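Asks: Below you'll find the structure I mean.
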Amino acid sequence: MTSLRGTIRVVPDKSLTHRGAIFGAITRGRTVLTRPNPGADCQATLRAVAALGARVVEANEQRWVLESDGVLSEPTQVLDLGNSGTGIRLLAGLVSGLPGLTVLTGDDSLCRRPMARIADPLRSMGARISTREGGRAPLAIEGGALHGVDYRSPVASAQVKSALLLAGLSLREGQITLEEPERSRDHTERLLRFYGVPLEVGETRVTLRASSDLGPAGAAGTNLSARSWLVPGDISAAAFFLVGAALAPGSELVIDDVGLNPTRTGAIDVLRRMGAELEIETTSEEPEPIGRLVVRSSELRATIVEPGEIPRLVDEVPILALAAARAEGTTEFRGAQELRHKESDRVRTTLELLRVLGVQAEESEGVLRVHGRGPKATFSGGAIRADGDHRIAMTGLIASLLTDEPLAVDSRDMIATSDPGFEATLQTATGGAAQ
Ligand code: S3P
């Protein structure tokens, strides 16, 4: 077993970096986004906003500098969002208000994921959207003047909510209201307010009113002024190290500059409830709360994760399932069906991963059950098939710290979609002892 020690920083937040590129394109002037996420997903969004007319003046690991007059233009090229669900869905919302034709596509995994969840409400606002059979990408969007909508989303999804809010920015009369079954992450709402857009935000309901001040008629974009900000570390990336350090004996790890938006911190709450020794110190609040986490090896016990908690930890279920595998008792993740629509069918890939490790787990009616082998367990070795999913591959690499047998993990190249430096950070935290 390999312990995790020292002080690390994790990759900058992916959700915020996508939004940083988009807001850079739809606001007037110069945006400096400091510490953008360098993964392939966010690079695809950056290329897409450049194709929509933003000027990318500088793009490196330290900063992205964008200049824009705030108004998008019809792209001449197909926009390829690679593996990124956030990229394609947010941009689909944005270009729904853009006169002309925009075609959005991605890799095989992205073209299997459901797009009707955004296409349906955007059509009800007046966008003309063609999809492949079954509501899959590629998407061909004929955008133009939109009208308001009062939409009740069947899924709690920040991607759906953000697509509608971004489409709503080009409304010149009426309003859009979106209600979701549970509250999803609120980065778009926070950023809209940060840029000066008034919003009514309730627990699960958000309303954006059209305003002639917001931007020119008949165009996608705004009159808002560009702003510069710093992207905090990604709590979803930090979760791998939190679980690794909680599980591996002899660990004490400090993670600096992590984003602590309360709609994203479900994994911290669950790990603490399981008995993880985890301290949080908030160090700044702008544009979102940022802080330092300290975690020590702990003996974990099982917990029940309720459906209402899932959106606050939706990307962390595979790594929390690994924590559950080394806890005392049976952990349940209730209402986990959304996991079937991620970069892989994560219910299936998580169960397969646990079985390779020698852990019993099953799913029925949206409840994922993990029968913990207790805090002293050592996992079996074998071969993990991550099915092209970066988060399953990263979970496999953390599991490999907890087995004395060789554990092969495939799709390691896909980790670069979100965190190209993941394996290097893992080597830093393990003093070079990771497999
Ligand atoms: C994201 C929202 C989540 C999450 C994804 C990023 C976002 O998807 O899984 O990794 O940036 O808005 P849903 O809100 O569609 O579940």
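Convention: chains lettered A, B, ... in structure tokens order; per-chain residue numbering from 1; ligands numbered from 1 as shown.
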For ligand 1, return the neighbouring residues as a PyMOL selection string (distance at most 9 Å; only C-alpha atoms and all ligand atoms).
Replies: chain A and resi 14-19+84-87+89-90+155-162+184-188+236+311+313-316+338-339+341-343
Asks: At a cut-off of 9 Å, using only C-alpha atoms, what residues contact Arg30 of chain A? Leave out same-chain residues fewer than 2 positions from it and give the result as JSON, numbers by chain.
Replies: {"A": [24, 27, 28, 32, 65, 66, 67, 68, 225, 226, 227, 228]}
Asks: May I ask which of the residues A:Pro287, A:Pro154, A:Gly396, A:Gly388 is the closest one to Leu192 of chain A, counting only C-alpha atoms?
Replies: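 When distances to Leu192 of chain A are compared using only C-alpha atoms, the smallest one comes from A:Pro287.
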Asks: Within 7 Å of Pro99 of chain A, counting only C-alpha atoms, which residues show up once you throw out same-chain ones fewer than 4 positions away? Write them as a list in words, please.
Replies: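 Skipping anything fewer than 4 positions along the chain leaves Glu142, Gly143, Gly144 and Ala219 of chain A.
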Asks: Just checking: using only C-alpha atoms, which residue out of A:Ala210, A:Met125, A:Ile310, A:Ile8 ends up closest to Gly266 of chain A?
Replies: A:Ile310
Asks: With distances taken over only C-alpha atoms, which residue among A:Ser3, A:Ser251, A:Thr265, A:Thr303 lies nearest Pro289 of chain A?
Replies: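 Result for the nearest residue to Pro289 of chain A: A:Thr265.
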Asks: Tell me, as a list in words, which residues lie within 12 Å of Val356 of chain A, counting only C-alpha atoms; anything in the same chain fewer than 6 positions away does not count.
Replies: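 Near Val356 of chain A, the qualifying residues are Leu322, Ala325, Thr349, Thr350, Phe379, Ser380, Gly381, Gly382, Ala383, Ile384, Arg385, Ala386, Gly396, Ala399, Ser400, Thr403, Glu405, Pro406, Leu407, Ala408 and Val409 of chain A.
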Asks: Take the residues that were just selected and, keeping all heavy atoms, output them as a short mmCIF file (atom, residue, chain, number, x, y, z; two decimals), in the first residue's frame.
Replies:
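Resulting contents of result_5.cif:
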data_model
loop_
_atom_site.label_atom_id
_atom_site.label_comp_id
_atom_site.auth_asym_id
_atom_site.auth_seq_id
_atom_site.Cartn_x
_atom_site.Cartn_y
_atom_site.Cartn_z
N LEU A 322 -15.29 3.61 -4.43
CA LEU A 322 -14.03 2.97 -3.99
C LEU A 322 -13.85 3.17 -2.48
O LEU A 322 -13.43 2.25 -1.76
CB LEU A 322 -12.85 3.57 -4.76
CG LEU A 322 -11.51 2.90 -4.45
CD1 LEU A 322 -11.44 1.51 -5.11
CD2 LEU A 322 -10.35 3.76 -4.95
N ALA A 325 -15.92 0.78 -0.77
CA ALA A 325 -15.41 -0.60 -0.87
C ALA A 325 -14.46 -0.93 0.26
O ALA A 325 -14.25 -2.10 0.59
CB ALA A 325 -14.69 -0.77 -2.21
N THR A 349 -19.58 0.64 -15.46
CA THR A 349 -18.11 0.65 -15.36
C THR A 349 -17.65 0.67 -13.89
O THR A 349 -16.63 0.07 -13.56
CB THR A 349 -17.48 1.82 -16.16
OG1 THR A 349 -18.20 3.02 -15.86
CG2 THR A 349 -17.54 1.57 -17.65
N THR A 350 -18.42 1.31 -13.02
CA THR A 350 -18.06 1.31 -11.60
C THR A 350 -18.22 -0.09 -11.01
O THR A 350 -17.35 -0.58 -10.28
CB THR A 350 -18.91 2.34 -10.81
OG1 THR A 350 -18.69 3.62 -11.39
CG2 THR A 350 -18.53 2.39 -9.33
N PHE A 379 -7.19 -4.75 -1.89
CA PHE A 379 -7.93 -5.11 -3.10
C PHE A 379 -7.14 -6.12 -3.93
O PHE A 379 -5.91 -6.16 -3.89
CB PHE A 379 -8.21 -3.86 -3.93
CG PHE A 379 -9.12 -2.86 -3.24
CD1 PHE A 379 -8.80 -1.51 -3.23
CD2 PHE A 379 -10.29 -3.27 -2.62
CE1 PHE A 379 -9.63 -0.59 -2.59
CE2 PHE A 379 -11.13 -2.35 -1.99
CZ PHE A 379 -10.79 -1.01 -1.97
N SER A 380 -7.90 -6.91 -4.74
CA SER A 380 -7.25 -7.84 -5.68
C SER A 380 -6.70 -7.06 -6.87
O SER A 380 -7.21 -5.98 -7.19
CB SER A 380 -8.25 -8.85 -6.23
OG SER A 380 -9.02 -9.38 -5.20
N GLY A 381 -5.74 -7.65 -7.56
CA GLY A 381 -5.24 -7.05 -8.79
C GLY A 381 -6.05 -7.54 -9.98
O GLY A 381 -7.04 -8.24 -9.82
N GLY A 382 -5.62 -7.20 -11.17
CA GLY A 382 -6.33 -7.62 -12.38
C GLY A 382 -6.25 -6.53 -13.43
O GLY A 382 -5.30 -5.76 -13.45
N ALA A 383 -7.28 -6.46 -14.25
CA ALA A 383 -7.29 -5.47 -15.33
C ALA A 383 -8.60 -4.70 -15.32
O ALA A 383 -9.68 -5.28 -15.40
CB ALA A 383 -7.11 -6.17 -16.68
N ILE A 384 -8.49 -3.37 -15.19
CA ILE A 384 -9.68 -2.51 -15.17
C ILE A 384 -9.95 -1.99 -16.57
O ILE A 384 -9.04 -1.44 -17.21
CB ILE A 384 -9.45 -1.32 -14.20
CG1 ILE A 384 -9.11 -1.86 -12.84
CG2 ILE A 384 -10.60 -0.32 -14.26
CD1 ILE A 384 -9.87 -1.48 -11.70
N ARG A 385 -11.20 -2.14 -17.01
CA ARG A 385 -11.59 -1.58 -18.31
C ARG A 385 -12.38 -0.31 -18.06
O ARG A 385 -13.50 -0.37 -17.55
CB ARG A 385 -12.43 -2.60 -19.09
CG ARG A 385 -11.59 -3.74 -19.68
CD ARG A 385 -12.38 -4.58 -20.67
NE ARG A 385 -13.10 -3.74 -21.61
CZ ARG A 385 -14.44 -3.77 -21.78
NH1 ARG A 385 -15.18 -4.59 -21.09
NH2 ARG A 385 -15.01 -2.99 -22.67
N ALA A 386 -11.77 0.81 -18.40
CA ALA A 386 -12.43 2.09 -18.08
C ALA A 386 -13.36 2.56 -19.19
O ALA A 386 -14.05 3.57 -19.03
CB ALA A 386 -11.38 3.15 -17.79
N GLY A 396 -9.33 3.81 -10.99
CA GLY A 396 -8.49 2.61 -11.06
C GLY A 396 -7.08 2.89 -10.57
O GLY A 396 -6.49 2.07 -9.85
N ALA A 399 -7.14 3.05 -6.89
CA ALA A 399 -7.29 1.69 -6.35
C ALA A 399 -5.95 0.96 -6.37
O ALA A 399 -5.66 0.15 -5.48
CB ALA A 399 -8.33 0.92 -7.16
N SER A 400 -5.11 1.25 -7.37
CA SER A 400 -3.84 0.53 -7.50
C SER A 400 -2.90 0.86 -6.33
O SER A 400 -1.95 0.12 -6.08
CB SER A 400 -3.18 0.82 -8.84
OG SER A 400 -2.69 2.14 -8.86
N THR A 403 -3.56 -2.05 -3.51
CA THR A 403 -3.42 -3.48 -3.78
C THR A 403 -1.94 -3.81 -3.87
O THR A 403 -1.14 -2.98 -4.31
CB THR A 403 -4.16 -3.90 -5.07
OG1 THR A 403 -3.69 -5.18 -5.45
CG2 THR A 403 -3.98 -2.95 -6.22
N GLU A 405 -1.04 -6.46 -5.58
CA GLU A 405 -0.90 -7.18 -6.86
C GLU A 405 -0.95 -6.16 -8.00
O GLU A 405 -1.52 -5.09 -7.84
CB GLU A 405 -2.07 -8.17 -7.01
CG GLU A 405 -2.11 -9.22 -5.93
CD GLU A 405 -3.43 -10.00 -5.92
OE1 GLU A 405 -4.20 -9.88 -6.90
OE2 GLU A 405 -3.67 -10.70 -4.93
N PRO A 406 -0.42 -6.53 -9.17
CA PRO A 406 -0.49 -5.59 -10.29
C PRO A 406 -1.94 -5.33 -10.71
O PRO A 406 -2.76 -6.25 -10.74
CB PRO A 406 0.27 -6.31 -11.42
CG PRO A 406 1.00 -7.42 -10.77
CD PRO A 406 0.31 -7.76 -9.50
N LEU A 407 -2.25 -4.06 -10.96
CA LEU A 407 -3.60 -3.69 -11.41
C LEU A 407 -3.42 -2.85 -12.68
O LEU A 407 -2.93 -1.72 -12.62
CB LEU A 407 -4.31 -2.87 -10.33
CG LEU A 407 -5.76 -2.49 -10.61
CD1 LEU A 407 -6.68 -3.71 -10.55
CD2 LEU A 407 -6.25 -1.46 -9.59
N ALA A 408 -3.80 -3.42 -13.81
CA ALA A 408 -3.68 -2.68 -15.08
C ALA A 408 -4.93 -1.83 -15.27
O ALA A 408 -6.03 -2.26 -14.93
CB ALA A 408 -3.52 -3.67 -16.23
N VAL A 409 -4.74 -0.64 -15.79
CA VAL A 409 -5.88 0.26 -16.03
C VAL A 409 -5.80 0.74 -17.48
O VAL A 409 -4.77 1.30 -17.87
CB VAL A 409 -5.82 1.48 -15.07
CG1 VAL A 409 -6.98 2.42 -15.34
CG2 VAL A 409 -5.81 1.03 -13.61
#
Asks: Which polymer residues have any atom within 12 Å of an atom of Ile319 of chain A, counting only C-alpha atoms, with same-chain residues fewer than 2 positions away left out, as a JSON list (two decimals) with C-alpha atoms, in the first residue's frame?
Replies:
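out-v1.json, written as the output of this step:
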[["chain", "number", "residue", "atom", "x", "y", "z"],
["A", 236, "SER", "CA", -13.88, 16.73, -8.66],
["A", 237, "ALA", "CA", -10.14, 16.18, -9.27],
["A", 238, "ALA", "CA", -9.38, 16.71, -5.57],
["A", 239, "ALA", "CA", -11.86, 13.94, -4.69],
["A", 240, "PHE", "CA", -9.49, 11.27, -6.09],
["A", 241, "PHE", "CA", -6.71, 12.43, -3.78],
["A", 242, "LEU", "CA", -9.05, 12.86, -0.80],
["A", 243, "VAL", "CA", -10.22, 9.27, -1.10],
["A", 244, "GLY", "CA", -6.71, 7.96, -1.81],
["A", 246, "ALA", "CA", -8.32, 8.66, 3.49],
["A", 247, "LEU", "CA", -7.90, 5.01, 2.47],
["A", 267, "ALA", "CA", -18.12, 14.33, -1.70],
["A", 268, "ILE", "CA", -16.58, 16.17, 1.27],
["A", 270, "VAL", "CA", -20.12, 12.13, 2.42],
["A", 271, "LEU", "CA", -16.49, 11.35, 3.27],
["A", 313, "LEU", "CA", -21.32, 14.71, -6.17],
["A", 314, "VAL", "CA", -22.47, 13.39, -9.53],
["A", 315, "ASP", "CA", -18.93, 13.08, -10.93],
["A", 316, "GLU", "CA", -17.54, 11.67, -7.68],
["A", 317, "VAL", "CA", -19.65, 8.52, -7.39],
["A", 321, "ALA", "CA", -17.71, 3.86, -4.43],
["A", 322, "LEU", "CA", -14.03, 2.97, -3.99],
["A", 323, "ALA", "CA", -14.11, 4.61, -0.54],
["A", 324, "ALA", "CA", -17.23, 2.56, 0.24],
["A", 325, "ALA", "CA", -15.41, -0.60, -0.87],
["A", 326, "ARG", "CA", -12.93, -0.16, 1.97],
["A", 346, "ARG", "CA", -20.78, 4.70, -14.99],
["A", 349, "THR", "CA", -18.11, 0.65, -15.36],
["A", 350, "THR", "CA", -18.06, 1.31, -11.60],
["A", 351, "LEU", "CA", -19.54, -2.12, -10.85],
["A", 353, "LEU", "CA", -14.15, -1.93, -11.53],
["A", 354, "LEU", "CA", -15.26, -3.00, -8.05],
["A", 370, "VAL", "CA", -21.32, -1.39, -2.40],
["A", 390, "HIS", "CA", -11.33, 9.46, -17.56],
["A", 391, "ARG", "CA", -12.94, 9.26, -14.12],
["A", 392, "ILE", "CA", -13.04, 5.45, -14.12],
["A", 393, "ALA", "CA", -9.38, 5.35, -15.19],
["A", 394, "MET", "CA", -8.43, 7.74, -12.35],
["A", 395, "THR", "CA", -10.44, 5.67, -9.86],
["A", 396, "GLY", "CA", -8.49, 2.61, -11.06],
["A", 397, "LEU", "CA", -5.17, 4.36, -10.50],
["A", 398, "ILE", "CA", -6.17, 5.30, -6.94],
["A", 399, "ALA", "CA", -7.29, 1.69, -6.35]]
Asks: Quick one: residues within 10 Å of Val95 of chain A, only C-alpha atoms counted, chain neighbours fewer than 2 positions away excluded, as a PDB file with N, CA, C and O atoms, in the first residue's frame?
Replies:
ATOM      1  N   LEU A  52     -16.461  30.915 -33.210  1.00  0.00           N
ATOM      2  CA  LEU A  52     -17.660  31.760 -33.138  1.00  0.00           C
ATOM      3  C   LEU A  52     -17.305  33.247 -33.090  1.00  0.00           C
ATOM      4  O   LEU A  52     -18.173  34.087 -32.865  1.00  0.00           O
ATOM      5  N   LEU A  72     -21.423  37.058 -31.157  1.00  0.00           N
ATOM      6  CA  LEU A  72     -20.899  35.886 -31.880  1.00  0.00           C
ATOM      7  C   LEU A  72     -21.234  35.976 -33.365  1.00  0.00           C
ATOM      8  O   LEU A  72     -22.204  36.618 -33.756  1.00  0.00           O
ATOM      9  N   SER A  73     -20.431  35.296 -34.175  1.00  0.00           N
ATOM     10  CA  SER A  73     -20.750  35.226 -35.612  1.00  0.00           C
ATOM     11  C   SER A  73     -20.904  33.769 -36.035  1.00  0.00           C
ATOM     12  O   SER A  73     -20.340  32.857 -35.405  1.00  0.00           O
ATOM     13  N   GLU A  74     -21.666  33.558 -37.103  1.00  0.00           N
ATOM     14  CA  GLU A  74     -21.956  32.197 -37.584  1.00  0.00           C
ATOM     15  C   GLU A  74     -20.631  31.502 -37.945  1.00  0.00           C
ATOM     16  O   GLU A  74     -19.835  32.058 -38.703  1.00  0.00           O
ATOM     17  N   PRO A  75     -20.399  30.305 -37.415  1.00  0.00           N
ATOM     18  CA  PRO A  75     -19.122  29.644 -37.718  1.00  0.00           C
ATOM     19  C   PRO A  75     -19.137  29.019 -39.124  1.00  0.00           C
ATOM     20  O   PRO A  75     -20.178  28.571 -39.586  1.00  0.00           O
ATOM     21  N   LEU A  90     -23.624  23.367 -23.463  1.00  0.00           N
ATOM     22  CA  LEU A  90     -23.654  24.815 -23.197  1.00  0.00           C
ATOM     23  C   LEU A  90     -23.615  25.601 -24.504  1.00  0.00           C
ATOM     24  O   LEU A  90     -24.348  26.580 -24.690  1.00  0.00           O
ATOM     25  N   LEU A  91     -22.769  25.139 -25.440  1.00  0.00           N
ATOM     26  CA  LEU A  91     -22.674  25.870 -26.704  1.00  0.00           C
ATOM     27  C   LEU A  91     -23.947  25.729 -27.523  1.00  0.00           C
ATOM     28  O   LEU A  91     -24.347  26.657 -28.221  1.00  0.00           O
ATOM     29  N   ALA A  92     -24.616  24.581 -27.423  1.00  0.00           N
ATOM     30  CA  ALA A  92     -25.888  24.419 -28.133  1.00  0.00           C
ATOM     31  C   ALA A  92     -26.879  25.482 -27.659  1.00  0.00           C
ATOM     32  O   ALA A  92     -27.600  26.087 -28.460  1.00  0.00           O
ATOM     33  N   GLY A  93     -26.896  25.746 -26.355  1.00  0.00           N
ATOM     34  CA  GLY A  93     -27.771  26.796 -25.834  1.00  0.00           C
ATOM     35  C   GLY A  93     -27.368  28.149 -26.382  1.00  0.00           C
ATOM     36  O   GLY A  93     -28.200  28.917 -26.884  1.00  0.00           O
ATOM     37  N   GLY A  97     -29.444  31.212 -30.080  1.00  0.00           N
ATOM     38  CA  GLY A  97     -29.817  32.612 -30.332  1.00  0.00           C
ATOM     39  C   GLY A  97     -28.992  33.244 -31.442  1.00  0.00           C
ATOM     40  O   GLY A  97     -29.106  34.451 -31.686  1.00  0.00           O
ATOM     41  N   LEU A  98     -28.154  32.457 -32.109  1.00  0.00           N
ATOM     42  CA  LEU A  98     -27.253  33.006 -33.137  1.00  0.00           C
ATOM     43  C   LEU A  98     -27.858  32.776 -34.521  1.00  0.00           C
ATOM     44  O   LEU A  98     -28.012  31.626 -34.947  1.00  0.00           O
ATOM     45  N   PRO A  99     -28.204  33.846 -35.241  1.00  0.00           N
ATOM     46  CA  PRO A  99     -28.781  33.651 -36.578  1.00  0.00           C
ATOM     47  C   PRO A  99     -27.805  32.876 -37.466  1.00  0.00           C
ATOM     48  O   PRO A  99     -26.610  33.147 -37.461  1.00  0.00           O
ATOM     49  N   GLY A 100     -28.308  31.902 -38.218  1.00  0.00           N
ATOM     50  CA  GLY A 100     -27.446  31.096 -39.084  1.00  0.00           C
ATOM     51  C   GLY A 100     -27.411  29.658 -38.616  1.00  0.00           C
ATOM     52  O   GLY A 100     -28.184  29.246 -37.749  1.00  0.00           O
ATOM     53  N   LEU A 101     -26.483  28.918 -39.188  1.00  0.00           N
ATOM     54  CA  LEU A 101     -26.404  27.474 -38.920  1.00  0.00           C
ATOM     55  C   LEU A 101     -25.128  27.149 -38.151  1.00  0.00           C
ATOM     56  O   LEU A 101     -24.041  27.547 -38.558  1.00  0.00           O
ATOM     57  N   THR A 102     -25.287  26.414 -37.065  1.00  0.00           N
ATOM     58  CA  THR A 102     -24.117  25.906 -36.335  1.00  0.00           C
ATOM     59  C   THR A 102     -24.258  24.401 -36.210  1.00  0.00           C
ATOM     60  O   THR A 102     -25.321  23.900 -35.822  1.00  0.00           O
ATOM     61  N   VAL A 103     -23.190  23.675 -36.534  1.00  0.00           N
ATOM     62  CA  VAL A 103     -23.201  22.216 -36.399  1.00  0.00           C
ATOM     63  C   VAL A 103     -22.212  21.834 -35.302  1.00  0.00           C
ATOM     64  O   VAL A 103     -21.054  22.288 -35.315  1.00  0.00           O
ATOM     65  N   LEU A 104     -22.702  21.057 -34.344  1.00  0.00           N
ATOM     66  CA  LEU A 104     -21.866  20.657 -33.203  1.00  0.00           C
ATOM     67  C   LEU A 104     -21.754  19.143 -33.175  1.00  0.00           C
ATOM     68  O   LEU A 104     -22.756  18.435 -33.336  1.00  0.00           O
ATOM     69  N   ALA A 127     -35.653  27.603 -31.357  1.00  0.00           N
ATOM     70  CA  ALA A 127     -34.493  27.169 -32.146  1.00  0.00           C
ATOM     71  C   ALA A 127     -34.904  25.974 -33.006  1.00  0.00           C
ATOM     72  O   ALA A 127     -35.725  25.159 -32.588  1.00  0.00           O
ATOM     73  N   ILE A 141     -28.002  23.289 -35.666  1.00  0.00           N
ATOM     74  CA  ILE A 141     -28.869  24.273 -35.007  1.00  0.00           C
ATOM     75  C   ILE A 141     -29.032  25.507 -35.894  1.00  0.00           C
ATOM     76  O   ILE A 141     -28.055  26.156 -36.252  1.00  0.00           O
ATOM     77  N   GLU A 142     -30.274  25.768 -36.273  1.00  0.00           N
ATOM     78  CA  GLU A 142     -30.566  27.030 -36.969  1.00  0.00           C
ATOM     79  C   GLU A 142     -31.105  27.977 -35.918  1.00  0.00           C
ATOM     80  O   GLU A 142     -32.235  27.829 -35.449  1.00  0.00           O
ATOM     81  N   GLY A 143     -30.260  28.898 -35.520  1.00  0.00           N
ATOM     82  CA  GLY A 143     -30.619  29.789 -34.421  1.00  0.00           C
ATOM     83  C   GLY A 143     -31.263  31.061 -34.935  1.00  0.00           C
ATOM     84  O   GLY A 143     -31.319  31.321 -36.132  1.00  0.00           O
ATOM     85  N   GLY A 144     -31.754  31.847 -34.016  1.00  0.00           N
ATOM     86  CA  GLY A 144     -32.373  33.128 -34.377  1.00  0.00           C
ATOM     87  C   GLY A 144     -33.107  33.674 -33.183  1.00  0.00           C
ATOM     88  O   GLY A 144     -32.805  33.303 -32.044  1.00  0.00           O
ATOM     89  N   ALA A 163     -27.491  25.651 -20.526  1.00  0.00           N
ATOM     90  CA  ALA A 163     -27.843  25.810 -21.946  1.00  0.00           C
ATOM     91  C   ALA A 163     -29.015  26.787 -22.075  1.00  0.00           C
ATOM     92  O   ALA A 163     -28.999  27.696 -22.908  1.00  0.00           O
ATOM     93  N   LEU A 166     -27.951  30.429 -21.115  1.00  0.00           N
ATOM     94  CA  LEU A 166     -27.130  31.064 -22.150  1.00  0.00           C
ATOM     95  C   LEU A 166     -27.982  31.420 -23.363  1.00  0.00           C
ATOM     96  O   LEU A 166     -27.799  32.471 -23.978  1.00  0.00           O
ATOM     97  N   ALA A 167     -28.943  30.549 -23.694  1.00  0.00           N
ATOM     98  CA  ALA A 167     -29.886  30.887 -24.772  1.00  0.00           C
ATOM     99  C   ALA A 167     -30.692  32.119 -24.351  1.00  0.00           C
ATOM    100  O   ALA A 167     -30.941  33.025 -25.155  1.00  0.00           O
ATOM    101  N   SER A 170     -29.988  35.912 -25.180  1.00  0.00           N
ATOM    102  CA  SER A 170     -30.307  36.609 -26.434  1.00  0.00           C
ATOM    103  C   SER A 170     -31.801  36.963 -26.531  1.00  0.00           C
ATOM    104  O   SER A 170     -32.229  37.520 -27.531  1.00  0.00           O
ATOM    105  N   ALA A 219     -29.087  39.131 -32.223  1.00  0.00           N
ATOM    106  CA  ALA A 219     -27.707  38.619 -32.182  1.00  0.00           C
ATOM    107  C   ALA A 219     -27.521  37.769 -30.941  1.00  0.00           C
ATOM    108  O   ALA A 219     -28.252  37.916 -29.967  1.00  0.00           O
ATOM    109  N   ALA A 220     -26.534  36.864 -30.988  1.00  0.00           N
ATOM    110  CA  ALA A 220     -26.162  36.121 -29.776  1.00  0.00           C
ATOM    111  C   ALA A 220     -24.958  36.830 -29.185  1.00  0.00           C
ATOM    112  O   ALA A 220     -23.960  37.027 -29.867  1.00  0.00           O
ATOM    113  N   GLY A 221     -25.070  37.205 -27.941  1.00  0.00           N
ATOM    114  CA  GLY A 221     -23.974  37.927 -27.295  1.00  0.00           C
ATOM    115  C   GLY A 221     -24.549  38.974 -26.377  1.00  0.00           C
ATOM    116  O   GLY A 221     -25.768  39.040 -26.179  1.00  0.00           O
TER     117      GLY A 221
END
Asks: Need the shell around Pro121 of chain A: protein/DNA/RNA residues with any atom at most 10 Å away, counting only C-alpha atoms. Skip same-chain ones fewer than 2 positions apart. Format as a PyMOL selection string?
Replies: chain A and resi 93+116-119+123-127+149-153+160+163-164+178
Asks: Can you list, as a ChimeraX atom specification, all residues belonging to segment 113-292 of chain A that DSSP tags as strand (DSSP E or B)?
Replies: /A:128-132,136-143,149-152,175-179,200-201,205-209,221,225,229-230,233,252-259,277-284,290-292
Asks: Using only C-alpha atoms, which of the listed residues (A:Thr283, A:Asn83, A:Thr425, A:Gln337) sits closest to Ser109 of chain A?
Replies: A:Asn83
Asks: Which of these residues is nearest to Gly148 of chain A, using only C-alpha atoms: A:Arg47, A:Arg183, A:Arg172, A:Arg373?
Replies: A:Arg172
Asks: Pick the closest to Gly259 of chain A from A:Arg128, A:Arg292, A:Arg272, A:Arg5: which is it, counting only C-alpha atoms?
Replies: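 Among the listed residues, A:Arg292 lies closest to Gly259 of chain A.
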Asks: In Å to one decimal, how far is atom CA of Val305 of chain A from atom CA of Arg348 of chain A?
Replies: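 Distance reported for this atom pair: 18.3 Å.
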Asks: With DSSP run on the backbone, what are the helix (DSSP H, G or I) residues within segment 331-368 of chain A? I'd like them as a list in words.
Replies: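 Result set for segment 331-368 of chain A (helix (DSSP H, G or I)): Gln337, Glu338, Leu339, Arg340, His341, Arg346, Val347, Arg348, Thr349, Thr350, Leu351, Glu352, Leu353, Leu354, Arg355 and Val356 of chain A.
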